[in-house]
Amino acid sequence: MRFDHEYFDAGLYRLGTRCEKWDMAREEHGEDVLPLWVADMDFPSPPAVQEAILARAAHPTYGYTAEMDDDHQALIDFWQRRHGLTIEKDSITLMPCVVTGLKLAILALTQPGDGVIILSPVYGPFRMSVEATGRTLMEAPLKRRADGGYDMDLAAVEKQLQSGAKLMLLCSPHNPASRAWTAEELTALISLLDKYGVPLVSDEIHADFVYAPGKFVPVLTLTQKNTMSLCAASKTFNLAGLQQASCICPDEKMRAAFRREMDKAGVRAGNIFALEGTRAAYNEGDAWLDGLMEYLDGNRRHLAALVAEHLPKARLTPLEATYLGWLDLTAYGFGEDELMQRTIAAGVQFTGGRFFGEGGDGFLRVNIGCPRRYITEGMLRLKKALEG
Ligand SMILES: Cc1ncc(COP(=O)(O)O)c(C=O)c1O
């Protein structure tokens with residue numbers, strides 16, 4: 001099978017599959033809304049995934065299931081092959097999803113009321129996880145560059161460390177700022193945290209979505225101390241419904257604390273189909289993923305061209321990573337509520353910027369993990385929404 005432009009351009013009819021992106025959009029906003037919101041792609045997962053799940057489903061009993069060495073080996077081989085990271089088997093803990101991992105890590109590494117640093121704007125559940133666990137949010141807002149891109153503000157991070165922060169959550173690559181952090185940036189952050197003895201939890205769920213010539217730098221290639229990476233095949237291969245992710249933590253003490261919290265909460269991995277699908281994706285998904293990245297690279301250029309042509313006052317953050325465009329519409333003068341009302345009325349659903357923090361007011365996040373024609377249609381509807 002060829003995973004070329006035609007394959008990804010064909011897309012997939014997803015209505016009626018309990019698909020959050022399409023079925024919920026339709027239920028909440030009516031028949032004609034085009035969903036370009038939640039980070040979920042409108043492409044089939046690699047054929048090997050479906051084959052593995054169907055093969056297991058054909059065996060007619062679904063009892064307790066054990067994760068085995070080959071489940072770990074598939075993840076180890078994939079990360080070695082694609083990102084040059086060597087992972088020891090013992091450092092892996094499977095869990096249902098990355099957000100579960102964020103919450104467990106906060107519980108494991110901090111006490112109630114402790115400060116947790118985030119680089120805002122950032123994926124909403126970072127903030128929500130800090131709040132839900134009764135910790136104190138400490139923001140170190142990203143700095144905006146003249147080209148609309150974002151940088152870490154290490155001075156702001158250090159200020160929070162001096163104020164007593166006990167943990168840092170990093171989104172790497174960054175959603176929604178579309179940044180692939182460089183080795184230099186990560187090294188500077190790690191040495192700053194090390195100076196204050198503060199642990200780092202790096203959400204690397206978007207690791208596989210870095211566009212050439214950029215390169216994803218796993219934080220664990222730079223340090224193995226006081227650091228954990230939360231990752232998954234779910235974003236990469238569109239398997240979020242399977243509910244499986246991994247915590248990779250070479251630091252024994254930190255890992256033990258994480259596993260204790262997991263045990264206390266009664267959280268377990270080991271979904272029968274998740275194990276089959278994830279192993280197949282890691283072992284046999286490379287050609288599909290290479291094809292996907294080529295297609296998404298075209299999509300990000302297409303989005304930039306459409307914005308330039310139709311939305312003269314908008315500013316698209318340079319998309320170094322992820323399939324999520326961060327669109328600054330503040331020049332149009334609409335707040336979050338009005339932007340959402342106008343876009344839904346024009347028949348298109350984006351993720352509102354405030355989901356990522358207060359700094360996101362007047363922004364929309366555009367999901368380009370879909371056939372290219374949806375992006376064209378979505379941007380034309382957005383133009384109508386802003387002009388109407
Ligand atoms: C940065 C980031 N982390 C975590 C998630 C969600 O992962 P999970 O479904 O494994 O909790 C997303 C989904 O969009 C994300 O963008």
# chains A, B, ... in the order shown; residues from 1 in each chain; ligands from 1
$ residues_near_ligand --ligand "ligand 1" --cutoff "6 Å" --atoms "only C-alpha atoms and all ligand atoms" --output "list in words"
Ala39, Cys97, Val98, Val99, Tyr123, Cys171, Asn175, Asp203, Ile205, Ala240 and Ala245 of chain A
$ select_by_dssp --residues "region 123-308 of chain A" --states "strand (DSSP E)" --output "list in words"
Thr136, Leu137, Met138, Glu139, Lys143, Arg144, Tyr150, Asp151, Leu167, Met168, Leu169, Leu170, Cys171, Leu200, Val201, Ser202, Asp203, Thr227, Met228, Ser229, Leu230, Cys231, Ala245, Ser246, Cys247 and Ile248 of chain A
$ write_last_selection --atoms "N, CA and C atoms" --output "CSV table (one decimal), in the first residue's frame"
chain,number,residue,atom,x,y,z
A,136,THR,N,-0.7,24.8,43.1
A,136,THR,CA,-0.7,26.2,42.8
A,136,THR,C,-0.1,26.4,41.4
A,137,LEU,N,-0.9,27.1,40.5
A,137,LEU,CA,-0.4,27.3,39.2
A,137,LEU,C,0.7,28.4,39.2
A,138,MET,N,1.8,28.2,38.6
A,138,MET,CA,2.8,29.2,38.5
A,138,MET,C,3.2,29.4,37.0
A,139,GLU,N,2.7,30.4,36.4
A,139,GLU,CA,2.9,30.6,34.9
A,139,GLU,C,4.2,31.3,34.6
A,143,LYS,N,7.6,34.0,25.5
A,143,LYS,CA,7.8,35.3,24.9
A,143,LYS,C,7.5,35.3,23.4
A,144,ARG,N,6.8,36.3,23.0
A,144,ARG,CA,6.4,36.3,21.5
A,144,ARG,C,7.6,37.0,20.8
A,150,TYR,N,7.3,31.8,19.3
A,150,TYR,CA,7.4,31.9,20.8
A,150,TYR,C,8.7,31.3,21.3
A,151,ASP,N,9.3,31.9,22.3
A,151,ASP,CA,10.4,31.4,23.0
A,151,ASP,C,10.1,31.2,24.5
A,167,LEU,N,7.8,21.9,40.8
A,167,LEU,CA,7.7,21.0,39.7
A,167,LEU,C,7.6,21.9,38.4
A,168,MET,N,8.1,21.3,37.3
A,168,MET,CA,7.9,22.0,36.0
A,168,MET,C,7.2,21.0,35.0
A,169,LEU,N,6.2,21.5,34.4
A,169,LEU,CA,5.6,20.7,33.3
A,169,LEU,C,5.9,21.3,32.0
A,170,LEU,N,6.5,20.6,31.1
A,170,LEU,CA,6.9,21.1,29.8
A,170,LEU,C,6.1,20.4,28.7
A,171,CYS,N,5.7,21.2,27.7
A,171,CYS,CA,5.0,20.6,26.5
A,171,CYS,C,6.0,20.6,25.4
A,200,LEU,N,11.4,17.7,36.3
A,200,LEU,CA,10.8,18.1,35.0
A,200,LEU,C,10.0,16.9,34.5
A,201,VAL,N,8.7,17.3,34.1
A,201,VAL,CA,7.9,16.3,33.5
A,201,VAL,C,7.6,16.8,32.0
A,202,SER,N,8.1,16.1,31.0
A,202,SER,CA,8.0,16.5,29.7
A,202,SER,C,6.9,15.7,28.9
A,203,ASP,N,5.9,16.4,28.5
A,203,ASP,CA,4.8,15.8,27.7
A,203,ASP,C,5.3,15.8,26.2
A,227,THR,N,13.8,13.6,35.8
A,227,THR,CA,13.1,13.9,34.6
A,227,THR,C,12.3,12.7,34.1
A,228,MET,N,11.0,13.0,33.7
A,228,MET,CA,10.3,11.9,33.0
A,228,MET,C,9.7,12.4,31.7
A,229,SER,N,9.5,11.5,30.8
A,229,SER,CA,8.8,11.8,29.6
A,229,SER,C,7.5,11.1,29.5
A,230,LEU,N,6.4,11.8,29.1
A,230,LEU,CA,5.1,11.2,28.9
A,230,LEU,C,4.9,11.1,27.4
A,231,CYS,N,4.7,9.9,26.9
A,231,CYS,CA,4.5,9.8,25.4
A,231,CYS,C,3.5,8.8,25.1
A,245,ALA,N,-0.8,5.0,26.9
A,245,ALA,CA,0.3,6.0,26.8
A,245,ALA,C,1.4,5.4,27.7
A,246,SER,N,2.6,6.0,27.7
A,246,SER,CA,3.7,5.5,28.5
A,246,SER,C,4.4,6.7,29.3
A,247,CYS,N,4.8,6.3,30.5
A,247,CYS,CA,5.7,7.2,31.2
A,247,CYS,C,7.1,6.6,31.1
A,248,ILE,N,8.1,7.3,30.7
A,248,ILE,CA,9.4,6.8,30.6
A,248,ILE,C,10.3,7.6,31.6
$ residues_around --residues "Thr330 (chain A)" --least-positions-apart "3" --cutoff "7 Å" --atoms "only C-alpha atoms" --output "PyMOL selection string"
chain A and resi 333-334+362-363
$ write_last_selection --atoms "C-alpha atoms" --output "PDB file, in the first residue's frame"
ATOM      1  CA  GLY A 333     -10.910  42.875  17.737  1.00  0.00           C
ATOM      2  CA  PHE A 334     -13.147  39.953  18.771  1.00  0.00           C
ATOM      3  CA  GLY A 362      -8.523  36.385  20.336  1.00  0.00           C
ATOM      4  CA  PHE A 363      -6.691  33.292  19.024  1.00  0.00           C
TER       5      PHE A 363
END
$ residues_around --residues "Gln244 (chain A)" --least-positions-apart "6" --cutoff "8 Å" --atoms "only C-alpha atoms" --output "list in words"
Leu94, Met95, Pro96, Cys97, Ala232, Ala233, Ser234, Ala269, Gly270, Asn271, Ala274, Leu275 and Thr278 of chain A
$ atom_distance --atom1 "CA of His29 (chain A)" --atom2 "CA of Leu15 (chain A)"
13.9 Å
$ residues_around --residues "Asp290 (chain A)" --least-positions-apart "6" --cutoff "12 Å" --atoms "only C-alpha atoms" --output "number ranges by chain"
A: 2-5, 8, 46, 82, 208-212, 236-237, 284, 296-297
$ write_last_selection --atoms "all heavy atoms" --output "compact mmCIF listing (two decimals), in the first residue's frame"
# COMPACT_ATOMS: atom_id res chain seq x y z
N ARG A 2 0.46 2.26 -0.76
CA ARG A 2 1.27 3.49 -0.80
C ARG A 2 0.60 4.58 0.03
O ARG A 2 -0.58 4.87 -0.14
CB ARG A 2 1.42 3.95 -2.26
CG ARG A 2 2.36 3.02 -3.03
CD ARG A 2 2.49 3.46 -4.45
NE ARG A 2 2.74 4.91 -4.54
CZ ARG A 2 2.83 5.53 -5.70
NH1 ARG A 2 2.68 4.89 -6.83
NH2 ARG A 2 3.07 6.84 -5.74
N PHE A 3 1.39 5.16 0.90
CA PHE A 3 0.86 6.20 1.78
C PHE A 3 1.25 7.56 1.20
O PHE A 3 2.12 8.26 1.72
CB PHE A 3 1.37 5.99 3.21
CG PHE A 3 1.03 4.62 3.72
CD1 PHE A 3 2.03 3.69 3.98
CD2 PHE A 3 -0.30 4.26 3.89
CE1 PHE A 3 1.70 2.43 4.43
CE2 PHE A 3 -0.64 2.99 4.35
CZ PHE A 3 0.37 2.06 4.61
N ASP A 4 0.61 7.84 0.08
CA ASP A 4 0.98 9.04 -0.67
C ASP A 4 -0.10 10.12 -0.52
O ASP A 4 -1.06 9.97 0.24
CB ASP A 4 1.21 8.68 -2.15
CG ASP A 4 0.00 7.94 -2.74
OD1 ASP A 4 -1.06 7.89 -2.07
OD2 ASP A 4 0.11 7.42 -3.85
N HIS A 5 0.06 11.16 -1.30
CA HIS A 5 -0.87 12.29 -1.26
C HIS A 5 -2.32 11.83 -1.43
O HIS A 5 -3.22 12.25 -0.70
CB HIS A 5 -0.48 13.29 -2.35
CG HIS A 5 -1.34 14.50 -2.39
ND1 HIS A 5 -1.03 15.67 -1.74
CD2 HIS A 5 -2.55 14.71 -2.99
CE1 HIS A 5 -2.00 16.55 -1.94
NE2 HIS A 5 -2.93 16.00 -2.70
N PHE A 8 -3.87 10.11 1.74
CA PHE A 8 -4.27 11.02 2.84
C PHE A 8 -5.35 11.99 2.37
O PHE A 8 -6.20 12.41 3.16
CB PHE A 8 -3.05 11.74 3.43
CG PHE A 8 -2.15 10.79 4.19
CD1 PHE A 8 -0.97 10.32 3.63
CD2 PHE A 8 -2.53 10.33 5.45
CE1 PHE A 8 -0.17 9.42 4.33
CE2 PHE A 8 -1.73 9.42 6.14
CZ PHE A 8 -0.54 8.97 5.58
N PRO A 46 -2.65 3.31 10.56
CA PRO A 46 -1.94 2.38 9.69
C PRO A 46 -2.70 1.04 9.57
O PRO A 46 -3.23 0.54 10.56
CB PRO A 46 -0.60 2.18 10.41
CG PRO A 46 -0.43 3.40 11.24
CD PRO A 46 -1.81 3.83 11.64
N ARG A 82 13.54 6.30 15.59
CA ARG A 82 13.03 7.59 15.10
C ARG A 82 13.65 8.78 15.80
O ARG A 82 13.71 9.87 15.23
CB ARG A 82 11.48 7.68 15.26
CG ARG A 82 10.76 6.52 14.67
CD ARG A 82 9.93 6.67 13.48
NE ARG A 82 9.67 7.84 12.77
CZ ARG A 82 9.30 7.83 11.46
NH1 ARG A 82 9.19 6.69 10.80
NH2 ARG A 82 9.05 8.94 10.83
N ASP A 208 6.49 13.08 17.27
CA ASP A 208 6.68 12.62 15.88
C ASP A 208 6.26 13.65 14.85
O ASP A 208 6.40 13.42 13.66
CB ASP A 208 5.91 11.31 15.68
CG ASP A 208 6.45 10.23 16.60
OD1 ASP A 208 7.66 9.96 16.53
OD2 ASP A 208 5.68 9.70 17.42
N PHE A 209 5.77 14.80 15.32
CA PHE A 209 5.28 15.83 14.39
C PHE A 209 6.20 17.04 14.34
O PHE A 209 5.80 18.16 14.64
CB PHE A 209 3.88 16.29 14.80
CG PHE A 209 2.85 15.19 14.76
CD1 PHE A 209 2.42 14.58 15.92
CD2 PHE A 209 2.31 14.77 13.55
CE1 PHE A 209 1.47 13.57 15.90
CE2 PHE A 209 1.36 13.75 13.51
CZ PHE A 209 0.94 13.14 14.69
N VAL A 210 7.45 16.82 14.02
CA VAL A 210 8.37 17.94 13.84
C VAL A 210 8.77 17.97 12.37
O VAL A 210 9.16 16.95 11.80
CB VAL A 210 9.61 17.81 14.75
CG1 VAL A 210 10.61 18.93 14.46
CG2 VAL A 210 9.19 17.85 16.22
N TYR A 211 8.63 19.15 11.75
CA TYR A 211 8.88 19.27 10.32
C TYR A 211 10.34 19.55 10.03
O TYR A 211 10.98 20.33 10.74
CB TYR A 211 8.01 20.40 9.73
CG TYR A 211 6.53 20.14 9.97
CD1 TYR A 211 5.86 20.73 11.04
CD2 TYR A 211 5.82 19.27 9.14
CE1 TYR A 211 4.51 20.47 11.28
CE2 TYR A 211 4.47 19.00 9.38
CZ TYR A 211 3.83 19.60 10.45
OH TYR A 211 2.52 19.33 10.69
N ALA A 212 10.87 18.91 8.97
CA ALA A 212 12.25 19.15 8.55
C ALA A 212 12.39 20.63 8.18
O ALA A 212 11.43 21.22 7.68
CB ALA A 212 12.57 18.27 7.35
N THR A 236 0.34 10.20 17.23
CA THR A 236 1.10 9.87 16.02
C THR A 236 0.27 9.06 15.03
O THR A 236 0.28 9.34 13.83
CB THR A 236 2.35 9.07 16.42
OG1 THR A 236 3.06 9.79 17.42
CG2 THR A 236 3.24 8.82 15.23
N PHE A 237 -0.42 8.04 15.52
CA PHE A 237 -1.11 7.11 14.62
C PHE A 237 -2.64 7.20 14.73
O PHE A 237 -3.35 6.34 14.24
CB PHE A 237 -0.64 5.68 14.93
CG PHE A 237 0.83 5.47 14.69
CD1 PHE A 237 1.72 5.37 15.77
CD2 PHE A 237 1.35 5.38 13.41
CE1 PHE A 237 3.09 5.18 15.56
CE2 PHE A 237 2.70 5.18 13.18
CZ PHE A 237 3.58 5.08 14.27
N GLU A 284 5.19 -1.39 12.81
CA GLU A 284 4.93 -1.46 11.36
C GLU A 284 4.40 -0.16 10.78
O GLU A 284 3.93 -0.14 9.64
CB GLU A 284 3.92 -2.59 11.08
CG GLU A 284 4.41 -3.96 11.52
CD GLU A 284 3.32 -5.01 11.41
OE1 GLU A 284 2.84 -5.25 10.30
OE2 GLU A 284 2.92 -5.55 12.47
N LEU A 296 1.26 16.34 5.81
CA LEU A 296 1.04 17.44 6.76
C LEU A 296 1.95 18.63 6.46
O LEU A 296 1.56 19.78 6.68
CB LEU A 296 1.28 16.96 8.20
CG LEU A 296 0.25 15.97 8.78
CD1 LEU A 296 0.65 15.56 10.19
CD2 LEU A 296 -1.16 16.58 8.80
N ASP A 297 3.13 18.35 5.97
CA ASP A 297 4.04 19.44 5.59
C ASP A 297 3.37 20.28 4.49
O ASP A 297 3.39 21.52 4.54
CB ASP A 297 5.36 18.84 5.11
CG ASP A 297 6.41 19.92 4.89
OD1 ASP A 297 6.37 20.93 5.60
OD2 ASP A 297 7.25 19.75 3.99
$ residues_around --residues "Lys253 (chain A)" --least-positions-apart "3" --cutoff "12 Å" --atoms "only C-alpha atoms" --output "PyMOL selection string"
chain A and resi 91+108-109+199+224-228+249-250+256-260
$ write_last_selection --atoms "all heavy atoms" --output "tab-separated table (two decimals), in the first residue's frame"
chain	number	residue	atom	x	y	z
A	91	SER	N	12.41	1.31	32.76
A	91	SER	CA	11.99	2.70	32.96
A	91	SER	C	10.57	2.97	32.43
A	91	SER	O	10.03	4.05	32.61
A	91	SER	CB	12.99	3.66	32.31
A	91	SER	OG	12.94	3.52	30.92
A	108	ALA	N	2.57	12.67	42.58
A	108	ALA	CA	3.75	11.93	43.05
A	108	ALA	C	4.89	12.85	43.47
A	108	ALA	O	5.65	12.52	44.38
A	108	ALA	CB	4.24	11.00	41.94
A	109	LEU	N	5.00	14.01	42.83
A	109	LEU	CA	6.21	14.80	42.98
A	109	LEU	C	6.03	16.08	43.79
A	109	LEU	O	6.99	16.81	44.02
A	109	LEU	CB	6.78	15.14	41.59
A	109	LEU	CG	7.05	13.91	40.70
A	109	LEU	CD1	7.37	14.32	39.28
A	109	LEU	CD2	8.18	13.07	41.28
A	199	PRO	N	12.12	18.88	39.71
A	199	PRO	CA	11.95	17.86	38.66
A	199	PRO	C	11.20	18.38	37.43
A	199	PRO	O	10.44	19.35	37.52
A	199	PRO	CB	11.15	16.75	39.35
A	199	PRO	CG	10.53	17.37	40.55
A	199	PRO	CD	11.33	18.58	40.92
A	224	GLN	N	18.97	12.24	32.43
A	224	GLN	CA	18.15	11.10	32.87
A	224	GLN	C	17.78	11.30	34.35
A	224	GLN	O	17.15	10.46	34.96
A	224	GLN	CB	18.93	9.79	32.71
A	224	GLN	CG	19.43	9.55	31.30
A	224	GLN	CD	18.69	8.43	30.59
A	224	GLN	OE1	18.54	7.34	31.12
A	224	GLN	NE2	18.22	8.69	29.38
A	225	LYS	N	18.22	12.45	34.87
A	225	LYS	CA	18.04	12.70	36.30
A	225	LYS	C	16.80	13.57	36.55
A	225	LYS	O	16.61	14.58	35.86
A	225	LYS	CB	19.30	13.47	36.77
A	225	LYS	CG	19.52	13.46	38.27
A	225	LYS	CD	20.79	14.22	38.62
A	225	LYS	CE	20.46	15.51	39.34
A	225	LYS	NZ	21.53	16.47	39.45
A	226	ASN	N	15.99	13.18	37.52
A	226	ASN	CA	14.90	14.04	37.97
A	226	ASN	C	13.96	14.45	36.83
A	226	ASN	O	13.39	15.54	36.86
A	226	ASN	CB	15.50	15.31	38.60
A	226	ASN	CG	14.81	15.63	39.93
A	226	ASN	OD1	13.97	14.88	40.39
A	226	ASN	ND2	15.18	16.76	40.52
A	227	THR	N	13.83	13.58	35.83
A	227	THR	CA	13.08	13.93	34.61
A	227	THR	C	12.26	12.74	34.14
A	227	THR	O	12.75	11.61	34.20
A	227	THR	CB	14.06	14.33	33.49
A	227	THR	OG1	14.84	15.43	33.96
A	227	THR	CG2	13.36	14.74	32.22
A	228	MET	N	11.05	13.00	33.68
A	228	MET	CA	10.30	11.92	33.02
A	228	MET	C	9.66	12.43	31.74
A	228	MET	O	9.38	13.62	31.60
A	228	MET	CB	9.24	11.31	33.95
A	228	MET	CG	8.12	12.22	34.34
A	228	MET	SD	6.74	11.35	35.17
A	228	MET	CE	7.49	10.66	36.62
A	249	CYS	N	10.75	6.87	32.61
A	249	CYS	CA	11.44	7.55	33.71
A	249	CYS	C	12.62	6.71	34.20
A	249	CYS	O	12.45	5.77	34.98
A	249	CYS	CB	10.44	7.79	34.85
A	249	CYS	SG	11.18	8.75	36.19
A	250	PRO	N	13.82	7.07	33.74
A	250	PRO	CA	15.01	6.32	34.17
A	250	PRO	C	15.35	6.57	35.64
A	250	PRO	O	16.03	5.75	36.26
A	250	PRO	CB	16.13	6.87	33.27
A	250	PRO	CG	15.45	7.69	32.23
A	250	PRO	CD	14.13	8.12	32.77
A	256	ALA	N	9.42	5.29	41.09
A	256	ALA	CA	8.74	4.59	42.18
A	256	ALA	C	7.61	5.45	42.73
A	256	ALA	O	6.52	4.95	43.01
A	256	ALA	CB	9.74	4.23	43.28
A	257	ALA	N	7.87	6.74	42.86
A	257	ALA	CA	6.82	7.65	43.37
A	257	ALA	C	5.63	7.68	42.41
A	257	ALA	O	4.47	7.66	42.82
A	257	ALA	CB	7.40	9.05	43.56
A	258	PHE	N	5.94	7.71	41.14
A	258	PHE	CA	4.88	7.73	40.11
A	258	PHE	C	4.04	6.45	40.19
A	258	PHE	O	2.81	6.49	40.20
A	258	PHE	CB	5.52	7.87	38.72
A	258	PHE	CG	4.54	7.99	37.59
A	258	PHE	CD1	4.04	9.23	37.23
A	258	PHE	CD2	4.12	6.87	36.89
A	258	PHE	CE1	3.13	9.35	36.18
A	258	PHE	CE2	3.21	6.98	35.84
A	258	PHE	CZ	2.72	8.22	35.49
A	259	ARG	N	4.73	5.31	40.30
A	259	ARG	CA	4.01	4.03	40.32
A	259	ARG	C	3.18	3.88	41.60
A	259	ARG	O	2.10	3.28	41.59
A	259	ARG	CB	5.01	2.87	40.19
A	259	ARG	CG	5.56	2.76	38.77
A	259	ARG	CD	6.49	1.60	38.60
A	259	ARG	NE	6.99	1.52	37.23
A	259	ARG	CZ	7.97	0.74	36.83
A	259	ARG	NH1	8.59	-0.05	37.70
A	259	ARG	NH2	8.35	0.73	35.57
A	260	ARG	N	3.69	4.43	42.69
A	260	ARG	CA	2.92	4.39	43.95
A	260	ARG	C	1.59	5.15	43.79
A	260	ARG	O	0.54	4.68	44.19
A	260	ARG	CB	3.74	5.05	45.08
A	260	ARG	CG	4.37	4.04	46.06
A	260	ARG	CD	4.85	4.69	47.35
A	260	ARG	NE	5.57	5.93	47.20
A	260	ARG	CZ	6.89	6.03	46.93
A	260	ARG	NH1	7.62	4.95	46.78
A	260	ARG	NH2	7.47	7.21	46.83
$ select_by_dssp --residues "region 195-305 of chain A" --states "helix (DSSP H, G or I)" --output "VMD selection string"
chain A and resid 195 to 196 219 to 221 234 to 237 240 to 242 252 to 265 272 to 284 286 to 305
$ residues_around --residues "Met262 (chain A)" --least-positions-apart "6" --cutoff "10 Å" --atoms "only C-alpha atoms" --output "short mmCIF file (atom, residue, chain, number, x, y, z; two decimals) with N, CA, C and O atoms, in the first residue's frame"
data_model
loop_
_atom_site.label_atom_id
_atom_site.label_comp_id
_atom_site.auth_asym_id
_atom_site.auth_seq_id
_atom_site.Cartn_x
_atom_site.Cartn_y
_atom_site.Cartn_z
N THR A 93 6.53 2.70 32.15
CA THR A 93 5.27 2.38 32.83
C THR A 93 4.14 2.69 31.87
O THR A 93 4.00 3.85 31.44
N MET A 95 0.29 3.40 30.85
CA MET A 95 -0.85 4.04 31.55
C MET A 95 -1.90 4.37 30.50
O MET A 95 -1.63 4.28 29.31
N THR A 100 -3.60 11.50 32.26
CA THR A 100 -3.52 10.71 33.50
C THR A 100 -2.10 10.83 34.05
O THR A 100 -1.89 11.00 35.26
N GLY A 101 -1.12 10.71 33.16
CA GLY A 101 0.28 10.80 33.57
C GLY A 101 0.64 12.15 34.18
O GLY A 101 1.36 12.23 35.17
N LYS A 103 -1.37 14.15 35.78
CA LYS A 103 -1.97 14.25 37.12
C LYS A 103 -1.22 13.36 38.12
O LYS A 103 -0.95 13.79 39.25
N LEU A 104 -0.90 12.15 37.70
CA LEU A 104 -0.18 11.25 38.62
C LEU A 104 1.19 11.82 38.96
O LEU A 104 1.65 11.73 40.11
N ALA A 105 1.84 12.41 37.98
CA ALA A 105 3.17 12.98 38.23
C ALA A 105 3.08 14.13 39.23
O ALA A 105 3.91 14.25 40.15
N LEU A 107 0.79 14.53 41.55
CA LEU A 107 0.52 13.94 42.86
C LEU A 107 1.77 13.30 43.45
O LEU A 107 2.03 13.37 44.66
N ALA A 108 2.57 12.67 42.58
CA ALA A 108 3.75 11.93 43.05
C ALA A 108 4.89 12.85 43.47
O ALA A 108 5.65 12.52 44.38
N ALA A 256 9.42 5.29 41.09
CA ALA A 256 8.74 4.59 42.18
C ALA A 256 7.61 5.45 42.73
O ALA A 256 6.52 4.95 43.01
N ARG A 268 -4.81 1.46 35.90
CA ARG A 268 -4.10 0.35 35.25
C ARG A 268 -4.11 0.52 33.74
O ARG A 268 -5.07 1.02 33.17
#
$ atom_distance --atom1 "CA of Glu336 (chain A)" --atom2 "CA of Gly352 (chain A)"
6.4 Å
